[in-house]
>>> print(open('input.pdb').read())   # PDB, C-alpha atoms
ATOM      1  CA  MET H  28      94.044 179.439 -91.363  1.00  0.00           C
ATOM      2  CA  LYS H  29      97.268 177.724 -92.434  1.00  0.00           C
ATOM      3  CA  THR H  30     100.408 179.614 -93.368  1.00  0.00           C
ATOM      4  CA  ILE H  31     101.936 179.093 -96.817  1.00  0.00           C
ATOM      5  CA  ALA H  32     104.654 176.828 -95.354  1.00  0.00           C
ATOM      6  CA  GLN H  33     102.004 174.749 -93.573  1.00  0.00           C
ATOM      7  CA  GLN H  34      99.975 174.437 -96.780  1.00  0.00           C
ATOM      8  CA  LEU H  35     103.091 173.290 -98.668  1.00  0.00           C
ATOM      9  CA  ASN H  36     104.198 171.011 -95.790  1.00  0.00           C
ATOM     10  CA  VAL H  37     107.555 172.816 -95.564  1.00  0.00           C
ATOM     11  CA  LYS H  38     109.892 171.495 -92.862  1.00  0.00           C
ATOM     12  CA  ASP H  39     113.066 173.472 -93.678  1.00  0.00           C
ATOM     13  CA  PHE H  40     113.106 176.996 -92.220  1.00  0.00           C
ATOM     14  CA  PRO H  41     113.382 179.845 -92.734  1.00  0.00           C
ATOM     15  CA  PHE H  42     111.094 179.533 -95.753  1.00  0.00           C
ATOM     16  CA  GLU H  43     111.490 182.341 -98.279  1.00  0.00           C
ATOM     17  CA  ILE H  44     109.956 183.275-101.627  1.00  0.00           C
ATOM     18  CA  LYS H  45     111.555 185.899-103.865  1.00  0.00           C
ATOM     19  CA  ASP H  46     110.205 187.650-106.949  1.00  0.00           C
ATOM     20  CA  LYS H  47     111.973 187.855-110.320  1.00  0.00           C
ATOM     21  CA  ASN H  48     113.942 190.900-109.080  1.00  0.00           C
ATOM     22  CA  ASN H  49     115.203 188.975-106.044  1.00  0.00           C
ATOM     23  CA  ASN H  50     112.959 190.926-103.632  1.00  0.00           C
ATOM     24  CA  LEU H  51     111.900 188.850-100.643  1.00  0.00           C
ATOM     25  CA  ILE H  52     108.104 188.696-100.960  1.00  0.00           C
ATOM     26  CA  TYR H  53     107.379 186.001 -98.349  1.00  0.00           C
ATOM     27  CA  TYR H  54     109.236 184.957 -95.229  1.00  0.00           C
ATOM     28  CA  GLU H  55     108.265 182.451 -92.559  1.00  0.00           C
ATOM     29  CA  ASN H  56     110.209 180.970 -89.656  1.00  0.00           C
ATOM     30  CA  SER H  57     109.736 177.736 -87.713  1.00  0.00           C
ATOM     31  CA  ASN H  58     107.470 179.508 -85.184  1.00  0.00           C
ATOM     32  CA  ASN H  59     104.938 180.324 -87.947  1.00  0.00           C
ATOM     33  CA  ILE H  60     105.906 184.005 -87.832  1.00  0.00           C
ATOM     34  CA  TRP H  61     105.537 185.353 -91.361  1.00  0.00           C
ATOM     35  CA  TRP H  62     105.486 188.494 -93.438  1.00  0.00           C
ATOM     36  CA  ILE H  63     104.724 189.321 -97.056  1.00  0.00           C
ATOM     37  CA  GLY H  64     105.908 192.214 -99.180  1.00  0.00           C
ATOM     38  CA  GLU H  65     105.037 193.665-102.545  1.00  0.00           C
ATOM     39  CA  TYR H  66     107.307 195.894-104.626  1.00  0.00           C
ATOM     40  CA  ASP H  67     106.821 198.372-107.463  1.00  0.00           C
ATOM     41  CA  LYS H  68     108.739 198.396-110.750  1.00  0.00           C
ATOM     42  CA  ASN H  69     111.558 200.353-109.041  1.00  0.00           C
ATOM     43  CA  ASN H  70     111.889 197.711-106.296  1.00  0.00           C
ATOM     44  CA  ASN H  71     110.390 199.994-103.642  1.00  0.00           C
ATOM     45  CA  GLU H  72     108.294 198.182-101.066  1.00  0.00           C
ATOM     46  CA  ILE H  73     104.669 199.265-101.531  1.00  0.00           C
ATOM     47  CA  TYR H  74     102.912 196.683 -99.343  1.00  0.00           C
ATOM     48  CA  TYR H  75     103.859 194.905 -96.127  1.00  0.00           C
ATOM     49  CA  GLU H  76     101.820 192.614 -93.899  1.00  0.00           C
ATOM     50  CA  ASP H  77     102.898 190.368 -91.039  1.00  0.00           C
ATOM     51  CA  SER H  78     101.513 187.673 -88.783  1.00  0.00           C
ATOM     52  CA  TYR H  79     101.122 190.179 -85.932  1.00  0.00           C
ATOM     53  CA  GLY H  80      98.441 192.015 -87.911  1.00  0.00           C
ATOM     54  CA  TYR H  81     100.537 194.993 -89.007  1.00  0.00           C
ATOM     55  CA  ILE H  82      99.756 196.240 -92.529  1.00  0.00           C
ATOM     56  CA  ASN H  83     101.433 199.096 -94.402  1.00  0.00           C
ATOM     57  CA  ASP H  84      99.717 199.614 -97.757  1.00  0.00           C
ATOM     58  CA  ASN H  85     101.223 202.185-100.110  1.00  0.00           C
ATOM     59  CA  ARG H  86      99.994 200.591-103.329  1.00  0.00           C
ATOM     60  CA  PRO H  87      98.630 203.073-105.879  1.00  0.00           C
ATOM     61  CA  LYS H  88      94.872 203.479-105.643  1.00  0.00           C
ATOM     62  CA  PRO H  89      92.823 203.520-108.836  1.00  0.00           C
ATOM     63  CA  THR H  90      91.426 206.869-109.938  1.00  0.00           C
ATOM     64  CA  ALA H  91      87.652 206.878-110.294  1.00  0.00           C
ATOM     65  CA  GLU H  92      86.372 208.223-113.597  1.00  0.00           C
ATOM     66  CA  PHE H  93      82.798 209.434-114.118  1.00  0.00           C
ATOM     67  CA  THR H  94      80.843 211.183-116.827  1.00  0.00           C
ATOM     68  CA  MET H  95      78.889 214.311-115.876  1.00  0.00           C
ATOM     69  CA  ASP H  96      75.650 212.290-116.052  1.00  0.00           C
ATOM     70  CA  GLU H  97      77.084 209.679-113.674  1.00  0.00           C
ATOM     71  CA  LEU H  98      78.159 212.392-111.213  1.00  0.00           C
ATOM     72  CA  VAL H  99      74.719 214.020-111.330  1.00  0.00           C
ATOM     73  CA  ALA H 100      73.150 210.619-110.658  1.00  0.00           C
ATOM     74  CA  LYS H 101      75.493 209.986-107.701  1.00  0.00           C
ATOM     75  CA  LEU H 102      75.018 213.467-106.173  1.00  0.00           C
ATOM     76  CA  GLY H 103      71.322 213.660-106.929  1.00  0.00           C
ATOM     77  CA  TYR H 104      71.432 217.217-108.379  1.00  0.00           C
ATOM     78  CA  GLU H 105      72.875 219.260-111.238  1.00  0.00           C
ATOM     79  CA  PHE H 106      76.131 221.165-110.726  1.00  0.00           C
ATOM     80  CA  LYS H 107      78.821 223.132-112.578  1.00  0.00           C
ATOM     81  CA  ILE H 108      82.545 222.631-112.329  1.00  0.00           C
ATOM     82  CA  LYS H 109      84.639 225.664-111.339  1.00  0.00           C
ATOM     83  CA  LYS H 110      88.022 226.312-112.866  1.00  0.00           C
TER
END
>>> encode(input="input.pdb", output="structure tokens")
Amino acid sequence: MKTIAQQLNVKDFPFEIKDKNNNLIYYENSNNIWWIGEYDKNNNEIYYEDSYGYINDNRPKPTAEFTMDELVAKLGYEFKIKK
């Protein structure tokens, strides 16, 4: 798989991409070592991945929503919710 710089035929390194808030979201050097980052609305890093295989994912996970009928179907039996 080609890196972003290889796909774009970049020859000038380091190659960097920044978001609209000036956060560095992609970095690659001439040795094809790269990392990507993702930031929340407060400019806190919430995702990081690099060419060595390290991933740190702190992005918010979606909350699953179900009706009672859907929960009964998933569990396979009736139940009551405790308070």
>>> residues_around(input="input.pdb", residues="segment 106-110 of chain H", least_positions_apart="4", cutoff="12 Å", atoms="only C-alpha atoms", output="MDAnalysis selection string")
chainID H and resid 95:102
>>> atom_distance(input="input.pdb", atom1="atom CA of Asn83 of chain H", atom2="atom CA of Ala32 of chain H")
22.5 Å
>>> closest_residue(input="input.pdb", among="H:Lys47, H:Phe40, H:Tyr104, H:Glu65", to="Pro87 of chain H", atoms="only C-alpha atoms")
H:Glu65
>>> resolve_selection(input="input.pdb", expression="the PyMOL selection byres ((chain H and resi 33) around 12)", output="VMD selection string")
chain H and resid 28 to 32 34 to 40 42 55 to 61
>>> write_last_selection(input="input.pdb", atoms="C-alpha atoms", output="mmCIF file, in the frame of the given file")
data_model
loop_
_atom_site.group_PDB
_atom_site.id
_atom_site.type_symbol
_atom_site.label_atom_id
_atom_site.label_comp_id
_atom_site.auth_asym_id
_atom_site.auth_seq_id
_atom_site.Cartn_x
_atom_site.Cartn_y
_atom_site.Cartn_z
ATOM 1 C CA MET H 28 94.044 179.439 -91.363
ATOM 2 C CA LYS H 29 97.268 177.724 -92.434
ATOM 3 C CA THR H 30 100.408 179.614 -93.368
ATOM 4 C CA ILE H 31 101.936 179.093 -96.817
ATOM 5 C CA ALA H 32 104.654 176.828 -95.354
ATOM 6 C CA GLN H 34 99.975 174.437 -96.780
ATOM 7 C CA LEU H 35 103.091 173.290 -98.668
ATOM 8 C CA ASN H 36 104.198 171.011 -95.790
ATOM 9 C CA VAL H 37 107.555 172.816 -95.564
ATOM 10 C CA LYS H 38 109.892 171.495 -92.862
ATOM 11 C CA ASP H 39 113.066 173.472 -93.678
ATOM 12 C CA PHE H 40 113.106 176.996 -92.220
ATOM 13 C CA PHE H 42 111.094 179.533 -95.753
ATOM 14 C CA GLU H 55 108.265 182.451 -92.559
ATOM 15 C CA ASN H 56 110.209 180.970 -89.656
ATOM 16 C CA SER H 57 109.736 177.736 -87.713
ATOM 17 C CA ASN H 58 107.470 179.508 -85.184
ATOM 18 C CA ASN H 59 104.938 180.324 -87.947
ATOM 19 C CA ILE H 60 105.906 184.005 -87.832
ATOM 20 C CA TRP H 61 105.537 185.353 -91.361
#
>>> residues_near_point(input="input.pdb", point="(103.7, 189.9, -92.6)", cutoff="9 Å", atoms="all atoms listed in the file", output="ChimeraX atom specification")
/H:53-55,60-64,75-82
>>> atom_distance(input="input.pdb", atom1="atom CA of Tyr66 of chain H", atom2="atom CA of Glu43 of chain H")
15.5 Å
>>> resolve_selection(input="input.pdb", expression="the PyMOL selection byres ((chain H and resi 67) around 12)", output="PyMOL selection string")
chain H and resi 46+48+50+52+64-66+68-74+85-87
